[in-house]
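Have a look at structure-v8.cif below; it lists mmCIF, C-alpha atoms.
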data_run
loop_
_atom_site.label_atom_id
_atom_site.label_comp_id
_atom_site.auth_asym_id
_atom_site.auth_seq_id
_atom_site.Cartn_x
_atom_site.Cartn_y
_atom_site.Cartn_z
CA MET A 19 -90.71 -114.44 -10.73
CA ASN A 20 -88.02 -116.96 -9.88
CA LYS A 21 -86.04 -115.90 -12.92
CA GLN A 22 -86.27 -112.25 -11.96
CA ARG A 23 -85.18 -113.03 -8.41
CA ARG A 24 -82.24 -115.02 -9.69
CA LYS A 25 -81.24 -112.10 -11.92
CA ARG A 26 -81.40 -109.66 -9.01
CA LEU A 27 -79.37 -111.99 -6.83
CA ARG A 28 -76.68 -112.33 -9.53
CA LYS A 29 -76.54 -108.57 -9.90
CA ARG A 30 -76.15 -108.11 -6.15
CA GLN A 31 -73.44 -110.76 -6.07
CA LYS A 32 -71.58 -109.06 -8.91
CA ILE A 33 -71.81 -105.64 -7.25
CA SER A 34 -70.55 -107.02 -3.94
CA GLN A 35 -67.73 -108.83 -5.78
CA ILE A 36 -66.72 -105.59 -7.54
CA LYS A 37 -66.91 -103.69 -4.25
CA ALA A 38 -64.71 -106.30 -2.60
CA LEU A 39 -62.27 -106.14 -5.49
CA LYS A 40 -62.13 -102.34 -5.44
CA SER A 41 -61.42 -102.32 -1.71
CA ASN A 42 -58.56 -104.74 -2.32
CA ARG A 43 -55.15 -103.01 -1.93
CA ARG A 44 -53.57 -104.77 -4.85
CA PHE A 45 -56.38 -103.75 -7.14
CA LYS A 46 -56.13 -100.16 -5.96
CA ALA A 47 -52.40 -100.11 -6.65
CA PHE A 48 -52.97 -101.65 -10.06
CA THR A 49 -55.53 -99.02 -11.13
CA ARG A 50 -53.30 -96.23 -9.75
CA ASN A 51 -50.38 -97.46 -11.84
CA GLN A 52 -52.61 -97.84 -14.88
CA ASN A 53 -53.76 -94.24 -14.55
CA ARG A 54 -50.22 -92.99 -14.08
CA TYR A 55 -49.10 -94.91 -17.14
CA LYS A 56 -51.98 -93.50 -19.18
CA ARG A 57 -51.16 -89.96 -18.05
CA ARG A 58 -47.47 -90.32 -18.93
CA ARG A 59 -48.26 -91.88 -22.28
CA ASN A 60 -50.57 -89.00 -23.10
CA GLN A 61 -48.01 -86.41 -22.01
CA SER A 62 -45.14 -87.79 -24.04
CA PHE A 63 -47.42 -88.20 -26.97
CA LYS A 64 -48.51 -84.59 -26.64
CA ARG A 65 -44.92 -83.45 -26.50
CA ILE A 66 -43.84 -85.49 -29.48
CA ARG A 67 -46.90 -84.50 -31.42
CA SER A 68 -46.58 -80.88 -30.43
CA GLU A 69 -42.96 -80.65 -31.59
CA HIS A 70 -43.95 -81.72 -35.05
CA THR A 71 -47.30 -80.06 -35.44
CA GLY A 72 -46.83 -76.81 -33.56
CA TYR A 73 -49.39 -77.80 -30.92
CA LYS A 74 -50.06 -74.93 -28.53
CA ASN A 75 -48.34 -76.62 -25.55
CA ALA A 76 -45.27 -77.27 -27.65
CA LEU A 77 -41.81 -77.68 -26.14
CA ARG A 78 -40.30 -75.05 -28.36
CA LYS A 79 -36.64 -75.49 -29.06
CA GLU A 80 -34.45 -73.03 -30.90
CA GLU A 81 -31.07 -73.84 -32.31
CA ALA A 82 -28.41 -71.16 -32.62
CA ILE A 83 -25.33 -72.00 -34.67
CA LEU A 84 -22.34 -69.86 -33.75
CA PRO A 85 -20.14 -68.34 -36.47
CA ASP A 86 -16.86 -70.21 -36.94
CA ILE A 87 -14.86 -67.09 -36.00
CA PHE A 88 -16.49 -65.93 -32.79
CA THR A 89 -14.19 -63.03 -31.91
CA ILE A 90 -14.71 -59.30 -31.64
CA ASN A 91 -11.32 -58.49 -33.16
CA ASP A 92 -11.65 -60.63 -36.30
CA ASN A 93 -15.38 -60.92 -36.92
CA LEU A 94 -17.16 -58.09 -35.11
CA GLU A 95 -20.12 -57.95 -37.49
CA GLY A 96 -20.54 -61.74 -37.39
CA VAL A 97 -20.55 -61.75 -33.58
CA LEU A 98 -22.96 -58.82 -33.36
CA ASN A 99 -25.28 -60.41 -35.91
CA PHE A 100 -25.32 -63.62 -33.86
CA ILE A 101 -25.90 -61.69 -30.61
CA TYR A 102 -28.70 -59.71 -32.28
CA LYS A 103 -30.43 -62.93 -33.36
CA SER A 104 -29.96 -64.48 -29.91
CA LYS A 105 -31.58 -61.43 -28.32
CA LYS A 106 -34.50 -61.82 -30.71
CA ILE A 107 -35.01 -65.36 -29.35
CA LEU A 108 -35.11 -63.84 -25.88
CA GLU A 109 -37.89 -61.50 -26.97
CA ARG A 110 -39.95 -64.33 -28.48
CA ARG A 111 -42.70 -65.83 -26.39
CA LYS A 112 -42.89 -69.45 -25.29
CA VAL A 113 -39.36 -70.53 -26.15
CA HIS A 114 -38.47 -73.30 -23.70
CA GLN A 115 -35.00 -74.29 -24.76
CA VAL A 116 -32.13 -72.88 -26.77
CA ASP A 117 -29.30 -75.08 -28.03
CA PHE A 118 -26.10 -73.22 -28.88
CA ASP A 119 -24.07 -75.11 -31.45
CA PHE A 120 -20.34 -74.51 -30.97
CA LYS A 121 -19.26 -77.42 -33.20
CA ASN A 122 -17.89 -75.32 -36.06
CA VAL A 123 -16.30 -72.62 -33.91
CA ARG A 124 -12.59 -72.26 -34.64
CA LYS A 125 -11.78 -69.11 -32.69
CA VAL A 126 -13.35 -67.49 -29.61
CA ASP A 127 -12.38 -64.48 -27.54
CA ASP A 128 -13.34 -63.18 -24.11
CA GLY A 129 -15.46 -60.29 -25.35
CA ALA A 130 -17.69 -62.41 -27.59
CA ALA A 131 -17.94 -65.09 -24.89
CA THR A 132 -19.00 -62.52 -22.26
CA MET A 133 -21.60 -61.02 -24.60
CA LEU A 134 -23.06 -64.47 -25.23
CA LEU A 135 -22.98 -65.44 -21.56
CA SER A 136 -24.87 -62.29 -20.62
CA ILE A 137 -27.67 -63.32 -22.98
CA CYS A 138 -27.61 -66.93 -21.76
CA SER A 139 -27.94 -65.70 -18.20
CA ASP A 140 -30.89 -63.50 -19.17
CA MET A 141 -32.46 -66.54 -20.88
CA ASP A 142 -31.89 -68.61 -17.76
CA SER A 143 -33.56 -66.03 -15.55
CA LYS A 144 -36.52 -66.06 -17.96
CA GLY A 145 -36.86 -69.81 -17.45
CA ILE A 146 -35.38 -70.84 -20.80
CA ARG A 147 -33.11 -73.89 -20.73
CA VAL A 148 -29.78 -73.13 -22.33
CA ARG A 149 -27.64 -75.96 -23.67
CA ALA A 150 -24.39 -76.04 -25.60
CA ASN A 151 -21.94 -78.48 -27.14
CA GLN A 152 -18.20 -78.07 -27.56
CA PRO A 153 -16.17 -76.93 -30.57
CA LEU A 154 -14.49 -79.64 -32.62
CA GLU A 155 -11.41 -77.52 -33.27
CA PRO A 156 -8.85 -78.34 -30.50
CA ASN A 157 -7.64 -74.76 -29.85
CA ALA A 158 -11.13 -73.35 -29.59
CA ARG A 159 -12.14 -76.27 -27.38
CA GLU A 160 -9.14 -75.68 -25.11
CA PHE A 161 -10.01 -71.99 -24.85
CA ILE A 162 -13.59 -72.85 -23.94
CA ILE A 163 -12.55 -75.41 -21.32
CA LYS A 164 -9.93 -73.15 -19.77
CA SER A 165 -12.34 -70.28 -19.61
CA GLY A 166 -14.85 -72.37 -17.67
CA PHE A 167 -17.41 -71.12 -20.18
CA MET A 168 -19.33 -74.42 -20.32
CA GLN A 169 -20.14 -74.32 -16.63
CA TYR A 170 -22.75 -71.75 -17.44
CA PHE A 171 -24.62 -74.05 -19.84
CA GLU A 172 -26.75 -77.14 -19.30
CA GLY A 173 -25.62 -80.35 -20.89
CA PRO A 174 -23.08 -83.13 -20.51
CA HIS A 175 -20.15 -80.66 -20.59
CA ARG A 176 -21.33 -78.71 -17.60
CA LYS A 177 -19.32 -80.75 -15.14
CA LEU A 178 -16.12 -80.25 -17.08
CA LYS A 179 -13.81 -78.28 -14.88
CA SER A 180 -10.25 -77.35 -15.45
CA GLU A 181 -7.62 -76.58 -12.87
CA LEU A 182 -6.54 -73.80 -15.17
CA LEU A 183 -9.80 -71.89 -15.18
CA ASN A 184 -8.88 -68.34 -16.07
CA MET A 185 -12.19 -66.58 -16.52
CA THR A 186 -14.36 -65.16 -13.75
CA ILE A 187 -17.80 -63.72 -14.36
CA LYS A 188 -19.77 -61.62 -11.91
CA LYS A 189 -23.40 -60.83 -12.46
CA GLY A 190 -25.10 -57.92 -10.77
CA LYS A 191 -28.75 -57.02 -10.41
CA THR A 192 -30.14 -53.54 -9.73
CA LYS A 193 -27.37 -52.71 -7.20
CA ILE A 194 -23.75 -51.66 -7.28
CA GLU A 195 -21.56 -54.45 -5.89
CA GLN A 196 -18.33 -52.63 -5.11
CA LYS A 197 -17.02 -55.45 -2.89
CA ASP A 198 -17.23 -57.90 -5.79
CA SER A 199 -15.43 -55.51 -8.12
CA ALA A 200 -12.73 -54.95 -5.48
CA GLY A 201 -12.25 -58.72 -5.29
CA LEU A 202 -11.88 -58.98 -9.07
CA ILE A 203 -9.34 -56.15 -9.03
CA HIS A 204 -7.25 -57.79 -6.28
CA LYS A 205 -7.04 -61.03 -8.27
CA SER A 206 -6.16 -59.14 -11.45
CA MET A 207 -3.46 -57.07 -9.74
CA LYS A 208 -1.96 -60.30 -8.43
CA THR A 209 -1.77 -61.69 -11.98
CA VAL A 210 -0.27 -58.51 -13.46
CA PHE A 211 1.97 -57.11 -10.72
CA THR A 212 3.04 -60.34 -9.07
CA GLU A 213 5.54 -58.70 -6.74
CA LYS A 214 3.22 -55.92 -5.55
CA ALA A 215 2.00 -56.15 -1.93
CA ASP A 216 -0.84 -53.64 -2.21
CA LEU A 217 -3.42 -55.19 -4.53
CA ARG A 218 -5.75 -52.20 -4.68
CA ASN A 219 -6.29 -50.16 -7.81
CA GLN A 220 -8.39 -47.20 -6.76
CA LYS A 221 -8.87 -45.65 -10.19
CA LEU A 222 -9.99 -48.96 -11.68
CA GLN A 223 -12.37 -49.54 -8.78
CA GLY A 224 -13.80 -46.06 -9.34
CA MET A 225 -14.25 -46.82 -13.02
CA LEU A 226 -16.04 -50.13 -12.36
CA ILE A 227 -18.43 -48.43 -9.93
CA GLU A 228 -19.17 -45.83 -12.65
CA LEU A 229 -19.97 -48.58 -15.15
CA MET A 230 -22.23 -50.42 -12.72
CA THR A 231 -23.97 -47.15 -11.78
CA ASN A 232 -24.58 -46.30 -15.43
CA SER A 233 -26.09 -49.74 -16.05
CA VAL A 234 -28.35 -49.61 -13.01
CA ASN A 235 -29.47 -45.98 -13.25
CA HIS A 236 -29.40 -45.08 -16.94
CA ALA A 237 -29.11 -48.10 -19.25
CA TYR A 238 -32.67 -49.39 -18.95
CA LEU A 239 -35.23 -46.90 -20.21
CA ASN A 240 -38.03 -49.35 -19.49
CA ASP A 241 -37.94 -49.70 -15.71
CA GLN A 242 -39.84 -53.00 -15.73
CA ARG A 243 -36.94 -54.90 -17.22
CA GLU A 244 -34.47 -56.66 -14.95
CA LYS A 245 -31.40 -54.43 -14.68
CA THR A 246 -28.40 -56.68 -14.95
CA TRP A 247 -24.73 -56.22 -15.70
CA TYR A 248 -21.81 -58.60 -16.12
CA ILE A 249 -18.10 -58.21 -15.51
CA SER A 250 -15.68 -60.84 -16.75
CA THR A 251 -11.96 -61.05 -16.15
CA SER A 252 -9.71 -63.36 -18.14
CA HIS A 253 -6.27 -63.97 -16.67
CA TYR A 254 -3.15 -64.60 -18.74
CA PRO A 255 -0.45 -65.14 -16.08
CA ASN A 256 2.32 -65.87 -18.61
CA GLN A 257 1.82 -62.45 -20.20
CA ASN A 258 1.04 -60.70 -16.87
CA LYS A 259 -2.18 -59.55 -18.45
CA VAL A 260 -5.86 -59.50 -17.53
CA GLU A 261 -8.66 -58.74 -19.97
CA PHE A 262 -11.78 -57.12 -18.56
CA CYS A 263 -15.20 -57.06 -20.22
CA PHE A 264 -18.30 -55.30 -18.99
CA VAL A 265 -21.73 -55.83 -20.57
CA ASP A 266 -25.26 -54.71 -19.97
CA ASN A 267 -28.17 -55.53 -22.25
CA GLY A 268 -30.00 -52.24 -21.73
CA ASP A 269 -30.85 -49.65 -24.38
CA GLY A 270 -27.33 -48.41 -25.05
CA ILE A 271 -25.66 -45.05 -24.35
CA ILE A 272 -26.71 -43.38 -27.60
CA ASN A 273 -30.36 -44.36 -27.33
CA THR A 274 -30.60 -43.17 -23.72
CA ILE A 275 -28.97 -39.84 -24.60
CA ASN A 276 -31.25 -39.45 -27.61
CA VAL A 277 -34.35 -40.02 -25.49
CA LYS A 278 -33.21 -37.31 -23.05
CA PHE A 279 -31.92 -34.67 -25.46
CA ARG A 280 -33.47 -35.56 -28.85
CA LEU A 281 -30.31 -34.80 -30.77
CA LEU A 282 -30.14 -34.53 -34.52
CA ILE A 283 -26.47 -35.27 -34.93
CA ASP A 284 -24.57 -38.38 -35.97
CA ASN A 285 -24.46 -41.27 -33.46
CA VAL A 286 -20.65 -41.35 -33.56
CA GLU A 287 -20.56 -37.70 -32.51
CA ILE A 288 -23.10 -38.32 -29.76
CA LEU A 289 -20.94 -41.06 -28.25
CA LYS A 290 -17.73 -39.05 -28.50
CA ASN A 291 -19.44 -36.05 -26.90
CA ALA A 292 -20.79 -38.22 -24.09
CA PHE A 293 -17.27 -39.38 -23.19
CA ASN A 294 -16.11 -35.76 -23.28
CA GLY A 295 -18.85 -34.78 -20.81
CA ASP A 296 -20.63 -32.48 -23.26
CA TYR A 297 -24.15 -33.48 -22.20
CA ARG A 298 -23.39 -32.71 -18.57
CA SER A 299 -23.59 -28.98 -19.09
CA ARG A 300 -26.89 -29.30 -20.96
CA THR A 301 -28.69 -30.80 -17.97
CA LYS A 302 -30.03 -28.62 -15.22
CA LEU A 303 -28.10 -30.83 -12.83
CA ARG A 304 -24.51 -29.82 -13.48
CA ASN A 305 -23.15 -32.52 -11.22
CA ARG A 306 -24.38 -35.38 -13.45
CA GLY A 307 -22.78 -37.17 -16.37
CA ARG A 308 -19.28 -37.44 -14.93
CA GLY A 309 -19.24 -41.24 -15.07
CA LEU A 310 -18.31 -41.62 -18.74
CA VAL A 311 -15.72 -38.87 -18.42
CA ALA A 312 -14.13 -40.79 -15.55
CA VAL A 313 -14.09 -43.94 -17.71
CA LYS A 314 -12.27 -42.08 -20.49
CA ASP A 315 -9.89 -40.56 -17.92
CA SER A 316 -8.90 -44.02 -16.71
CA HIS A 317 -7.69 -44.72 -20.23
CA THR A 318 -5.95 -41.40 -20.87
CA LYS A 319 -4.21 -41.55 -17.49
CA MET A 320 -3.02 -45.10 -18.27
CA THR A 321 -4.84 -46.85 -15.44
CA ILE A 322 -6.00 -49.25 -18.15
CA ARG A 323 -5.25 -49.67 -21.84
CA GLY A 324 -7.00 -50.84 -25.00
CA LEU A 325 -10.42 -49.45 -24.04
CA LYS A 326 -13.10 -50.37 -26.59
CA VAL A 327 -16.78 -49.51 -26.45
CA ILE A 328 -19.64 -50.99 -28.48
CA THR A 329 -23.05 -49.45 -28.04
CA ASN A 330 -26.03 -49.23 -30.40
CA ASN A 331 -24.53 -48.87 -33.87
CA VAL A 332 -21.15 -47.39 -32.91
CA PHE A 333 -17.74 -48.92 -32.22
CA LEU A 334 -15.19 -46.78 -30.40
CA ASP A 335 -11.54 -47.78 -29.91
CA PHE A 336 -9.81 -45.25 -27.64
CA GLU A 337 -6.30 -46.63 -28.03
CA ASN A 338 -6.17 -46.60 -31.82
CA ASN A 339 -8.57 -43.67 -32.12
CA VAL A 340 -10.83 -45.67 -34.41
CA THR A 341 -14.56 -45.05 -34.61
CA PHE A 342 -17.05 -46.49 -37.07
CA LYS A 343 -20.68 -47.31 -37.51
CA LEU A 344 -21.83 -50.90 -37.28
CA ALA A 345 -24.15 -52.62 -39.73
CA THR A 346 -25.74 -54.67 -36.93
CA PRO A 347 -26.60 -52.69 -33.81
CA PHE A 348 -25.88 -53.89 -30.29
CA SER A 349 -28.71 -53.01 -27.95
CA GLY A 350 -26.81 -52.48 -24.75
CA THR A 351 -23.30 -51.41 -23.90
CA PHE A 352 -20.10 -53.40 -24.07
CA TYR A 353 -16.70 -52.29 -22.75
CA SER A 354 -13.43 -54.17 -22.91
CA TRP A 355 -9.99 -53.16 -21.71
CA ILE A 356 -6.65 -54.60 -20.64
CA LEU A 357 -4.68 -54.37 -17.42
CA ASP A 358 -1.01 -55.16 -17.88
CA LYS A 359 2.44 -54.09 -16.75
CA SER A 360 2.36 -50.98 -18.94
CA CYS A 361 -0.52 -49.62 -16.87
CA LYS A 362 -0.06 -47.22 -13.98
CA GLN A 363 0.10 -49.11 -10.68
CA MET B 11 -6.90 -23.67 15.04
CA THR B 12 -7.52 -27.20 16.29
CA LYS B 13 -8.31 -30.07 13.92
CA HIS B 14 -10.91 -32.83 13.85
CA PHE B 15 -10.02 -35.98 11.90
CA LEU B 16 -12.19 -38.23 9.74
CA LYS B 17 -10.74 -41.23 7.91
CA ILE B 18 -13.27 -42.63 5.45
CA SER B 19 -11.75 -46.14 5.33
CA LYS B 20 -11.95 -46.50 9.13
CA ASP B 21 -14.93 -44.38 10.09
CA PHE B 22 -17.20 -45.44 7.20
CA SER B 23 -16.10 -48.18 4.79
CA GLU B 24 -13.12 -49.48 2.83
CA THR B 25 -15.43 -49.99 -0.14
CA PRO B 26 -17.49 -46.83 -0.64
CA GLY B 27 -20.20 -47.20 -3.27
CA ALA B 28 -22.13 -44.85 -5.56
CA ARG B 29 -24.48 -41.89 -5.06
CA TYR B 30 -27.77 -42.90 -3.44
CA TYR B 31 -29.02 -45.39 -0.85
CA SER B 32 -30.90 -47.08 -3.70
CA ASP B 33 -27.62 -47.76 -5.54
CA GLY B 34 -26.39 -50.14 -2.84
CA ASN B 35 -24.37 -50.19 0.36
CA PHE B 36 -22.09 -47.38 1.57
CA SER B 37 -23.39 -44.71 -0.76
CA GLY B 38 -22.40 -41.04 -0.75
CA GLU B 39 -25.84 -40.18 0.58
CA GLU B 40 -25.34 -42.55 3.52
CA PHE B 41 -21.86 -41.21 4.28
CA TYR B 42 -23.07 -37.64 4.25
CA GLU B 43 -26.21 -38.23 6.35
CA LYS B 44 -24.66 -40.54 8.91
CA ILE B 45 -21.12 -39.27 9.32
CA LEU B 46 -19.85 -36.24 7.43
CA ARG B 47 -22.68 -33.89 8.31
CA TYR B 48 -22.26 -34.41 12.07
CA ALA B 49 -18.47 -34.41 11.94
CA PHE B 50 -18.46 -31.08 10.08
CA LYS B 51 -21.03 -29.56 12.46
CA GLU B 52 -18.95 -30.60 15.44
CA ALA B 53 -15.82 -29.13 13.90
CA LEU B 54 -17.62 -25.82 13.23
CA GLU B 55 -18.94 -25.69 16.78
CA ASP B 56 -15.42 -26.24 18.14
CA ASP B 57 -14.14 -23.58 15.76
CA SER B 58 -11.78 -26.10 14.22
CA LYS B 59 -11.00 -27.60 10.82
CA LEU B 60 -12.21 -31.00 9.65
CA VAL B 61 -9.44 -33.08 8.10
CA ILE B 62 -10.86 -35.72 5.76
CA ASP B 63 -8.51 -38.54 4.89
CA LEU B 64 -9.45 -40.24 1.61
CA ASP B 65 -6.64 -42.82 1.63
CA GLY B 66 -6.98 -46.48 2.53
CA THR B 67 -10.14 -47.32 0.58
CA GLU B 68 -10.54 -49.50 -2.51
CA GLY B 69 -11.43 -46.42 -4.55
CA TYR B 70 -14.14 -43.84 -5.12
CA ALA B 71 -16.69 -43.26 -7.83
CA THR B 72 -17.15 -39.64 -8.88
CA SER B 73 -20.83 -39.95 -7.91
CA PHE B 74 -19.90 -40.80 -4.30
CA LEU B 75 -17.56 -37.82 -3.91
CA ASP B 76 -19.91 -35.53 -5.77
CA GLU B 77 -22.99 -36.39 -3.70
CA THR B 78 -21.08 -36.11 -0.43
CA PHE B 79 -19.34 -32.79 -0.93
CA MET B 80 -22.07 -31.20 -3.03
CA ARG B 81 -24.56 -31.77 -0.21
CA LEU B 82 -22.09 -30.50 2.35
CA ALA B 83 -21.60 -27.29 0.36
CA LYS B 84 -25.36 -26.91 -0.16
CA GLU B 85 -26.13 -27.23 3.53
CA PHE B 86 -23.29 -25.18 5.02
CA GLY B 87 -22.36 -22.91 2.10
CA LYS B 88 -19.40 -23.41 -0.19
CA GLU B 89 -17.28 -20.66 1.39
CA THR B 90 -17.66 -22.18 4.85
CA VAL B 91 -16.84 -25.64 3.56
CA LEU B 92 -13.76 -24.55 1.60
CA LYS B 93 -12.53 -22.64 4.63
CA ASN B 94 -13.09 -25.39 7.15
CA ILE B 95 -12.06 -28.63 5.47
CA GLU B 96 -8.67 -30.06 4.70
CA LEU B 97 -8.34 -33.03 2.36
CA ILE B 98 -5.69 -35.73 2.50
CA SER B 99 -5.30 -37.88 -0.62
CA ILE B 100 -1.75 -39.09 -0.99
CA GLU B 101 -2.68 -42.25 -2.91
CA GLU B 102 -4.75 -40.43 -5.57
CA PRO B 103 -3.90 -36.70 -5.49
CA ASP B 104 -6.40 -35.98 -8.32
CA TRP B 105 -9.33 -36.46 -5.98
CA LYS B 106 -8.48 -33.34 -3.98
CA ASP B 107 -8.89 -31.11 -7.03
CA GLU B 108 -12.00 -32.97 -8.11
CA ILE B 109 -13.67 -32.49 -4.73
CA ILE B 110 -12.84 -28.80 -4.68
CA SER B 111 -14.35 -28.45 -8.17
CA TYR B 112 -17.54 -30.22 -6.99
CA ILE B 113 -17.84 -27.80 -4.08
CA LYS B 114 -17.23 -24.78 -6.30
CA ASP B 115 -19.84 -26.05 -8.80
CA VAL B 116 -22.63 -25.70 -6.24
CA GLU B 117 -24.88 -22.77 -7.00
#
Could you write out this file's structure as structure tokens?
Amino acid sequence: MNKQRRKRLRKRQKISQIKALKSNRRFKAFTRNQNRYKRRRNQSFKRIRSEHTGYKNALRKEEAILPDIFTINDNLEGVLNFIYKSKKILERRKVHQVDFDFKNVRKVDDGAATMLLSICSDMDSKGIRVRANQPLEPNAREFIIKSGFMQYFEGPHRKLKSELLNMTIKKGKTKIEQKDSAGLIHKSMKTVFTEKADLRNQKLQGMLIELMTNSVNHAYLNDQREKTWYISTSHYPNQNKVEFCFVDNGDGIINTINVKFRLLIDNVEILKNAFNGDYRSRTKLRNRGRGLVAVKDSHTKMTIRGLKVITNNVFLDFENNVTFKLATPFSGTFYSWILDKSCKQ
Amino acid sequence: MTKHFLKISKDFSETPGARYYSDGNFSGEEFYEKILRYAFKEALEDDSKLVIDLDGTEGYATSFLDETFMRLAKEFGKETVLKNIELISIEEPDWKDEIISYIKDVE
């Protein structure tokens, strides 16, 4: 009996000791920290393990290596192929981060940069982290820094800012932002016609509203997608020149026309006809379809020059009257043009 | 015949937008429903012409002009509209012809 009593007493003592210990603040803090540590260790382990084994909660990274010539003028197919692959990443599920590798890039231009930025912005709005490094080639690096391109990416180069930033990008969502486009035009007119007091360009403003309207109202056949458009302006004050680019990542002019009219003619013809306003008369609404005609008019009436259009599998150069089919399609519409002293004020 | 005056840049906006309310601010639909319709009615009641001054804005999209004047012609009849409006567009003379073609296009 005595033994049993002693045992019970010891048990009670132990329990009261443990209770006292557990109520102790220092002990509580210790166990809290231990738990936190365990949780963190498990998380990092899961991440590391998941990266290597394809665990279902994996932090999925994609790496995209840019072509060394990243320009529309010199390597159109290369750029479009890269853009096509980047868009495929966007369509993939559960991609958490994309690293764009600029290291080998030797040449970049505004058009290719704007196309890429439009995709990066779409990735960002989908919650995908977008990172980039800088080109090793000095000229390409200088171009990138001056353009302020890296500000749009995560990474150590994000804070790099130049006093000579010459590229402005405006993003629009589901609405027409005519005040923003007017602001871009004023800045551009100041670069081109330095001595001019009136910085308006009404025809160009009209054209930009047409492009934004087309993107918002017609470019996205699937209404559930976010309707976005991008305008970039690159200023070259020494040449009194500004390069404009406009991009949307919708379905493209040809695809949208094909869905409406189910045409059985060549895509090049479809695009040419669209800019001539041929599909306007086919609709019951005779007042529609003037937007693309107005865009073409801006070029023929010399408000702008060097108008180029890339949409679906067609490239159209209005200035040189060159049209050809592309091997890699561009799902969306891309316009680029120049405003310089030869343009009508 | 007396004249009523309407200057879009002062009476509506210096940055007119696109066609519909859903497209964004200062659309053609908004201009027609809030301003042009009443101004034209008033001018007709006074047996006078409505002078519409297009100058002074940042620029117009064809959809803005089309929606505005197409609806005006639909509501009041294209003959009445052509007879009772006068357009001023010194900065971009092309717009005058375009607007007249939009009015004539109405069936």
Using all atoms listed in the file, can you list as a compact mmCIF listing (two decimals) with C-alpha atoms, keeping the file's coordinate frame the residues within 7 Å of (-6.5, -40.0, 5.8)?
# COMPACT_ATOMS: atom_id res chain seq x y z
CA LYS B 17 -10.74 -41.23 7.91
CA ILE B 62 -10.86 -35.72 5.76
CA ASP B 63 -8.51 -38.54 4.89
CA LEU B 64 -9.45 -40.24 1.61
CA ASP B 65 -6.64 -42.82 1.63
CA ILE B 98 -5.69 -35.73 2.50
CA SER B 99 -5.30 -37.88 -0.62
Next item on the list: Pull out every residue of chain B that has at least one atom within 10 Å of chain A, counting all atoms listed in the file, and report them as a PyMOL selection string.
Entry: chain B and resi 24-29+31-37+65-74+76-77+80+101-102+112+115-117
Margin query: When the PyMOL selection byres ((chain B and resi 84) around 12) is applied to the structure above, which residues does it catch, written out as a ChimeraX atom specification?
Written below: /B:42,47,76-83,85-92,112-117
Any chance you can output those residues with C-alpha atoms as a short mmCIF file (atom, residue, chain, number, x, y, z; two decimals), in the coordinates of the input?
data_model
loop_
_atom_site.label_atom_id
_atom_site.label_comp_id
_atom_site.auth_asym_id
_atom_site.auth_seq_id
_atom_site.Cartn_x
_atom_site.Cartn_y
_atom_site.Cartn_z
CA TYR B 42 -23.07 -37.64 4.25
CA ARG B 47 -22.68 -33.89 8.31
CA ASP B 76 -19.91 -35.53 -5.77
CA GLU B 77 -22.99 -36.39 -3.70
CA THR B 78 -21.08 -36.11 -0.43
CA PHE B 79 -19.34 -32.79 -0.93
CA MET B 80 -22.07 -31.20 -3.03
CA ARG B 81 -24.56 -31.77 -0.21
CA LEU B 82 -22.09 -30.50 2.35
CA ALA B 83 -21.60 -27.29 0.36
CA GLU B 85 -26.13 -27.23 3.53
CA PHE B 86 -23.29 -25.18 5.02
CA GLY B 87 -22.36 -22.91 2.10
CA LYS B 88 -19.40 -23.41 -0.19
CA GLU B 89 -17.28 -20.66 1.39
CA THR B 90 -17.66 -22.18 4.85
CA VAL B 91 -16.84 -25.64 3.56
CA LEU B 92 -13.76 -24.55 1.60
CA TYR B 112 -17.54 -30.22 -6.99
CA ILE B 113 -17.84 -27.80 -4.08
CA LYS B 114 -17.23 -24.78 -6.30
CA ASP B 115 -19.84 -26.05 -8.80
CA VAL B 116 -22.63 -25.70 -6.24
CA GLU B 117 -24.88 -22.77 -7.00
#
First collect every listed atom of segment 140-144 of chain A; then fit an axis-aligned box around them, widen it by 3 Å on each side, and give centre and edge lengths in Å to one decimal, as JSON.
{"center_x": -33.7, "center_y": -66.1, "center_z": -18.2, "size_x": 11.6, "size_y": 11.1, "size_z": 11.3}
Notebook entry, point to check: Got a sec to resolve the PyMOL selection byres ((chain A and resi 240-256) around 8) on this structure and send the residues as a PyMOL selection string?
Noted result: chain A and resi 128+132+136+165+184-192+202+206+209-210+230+233-234+238-239+257-268
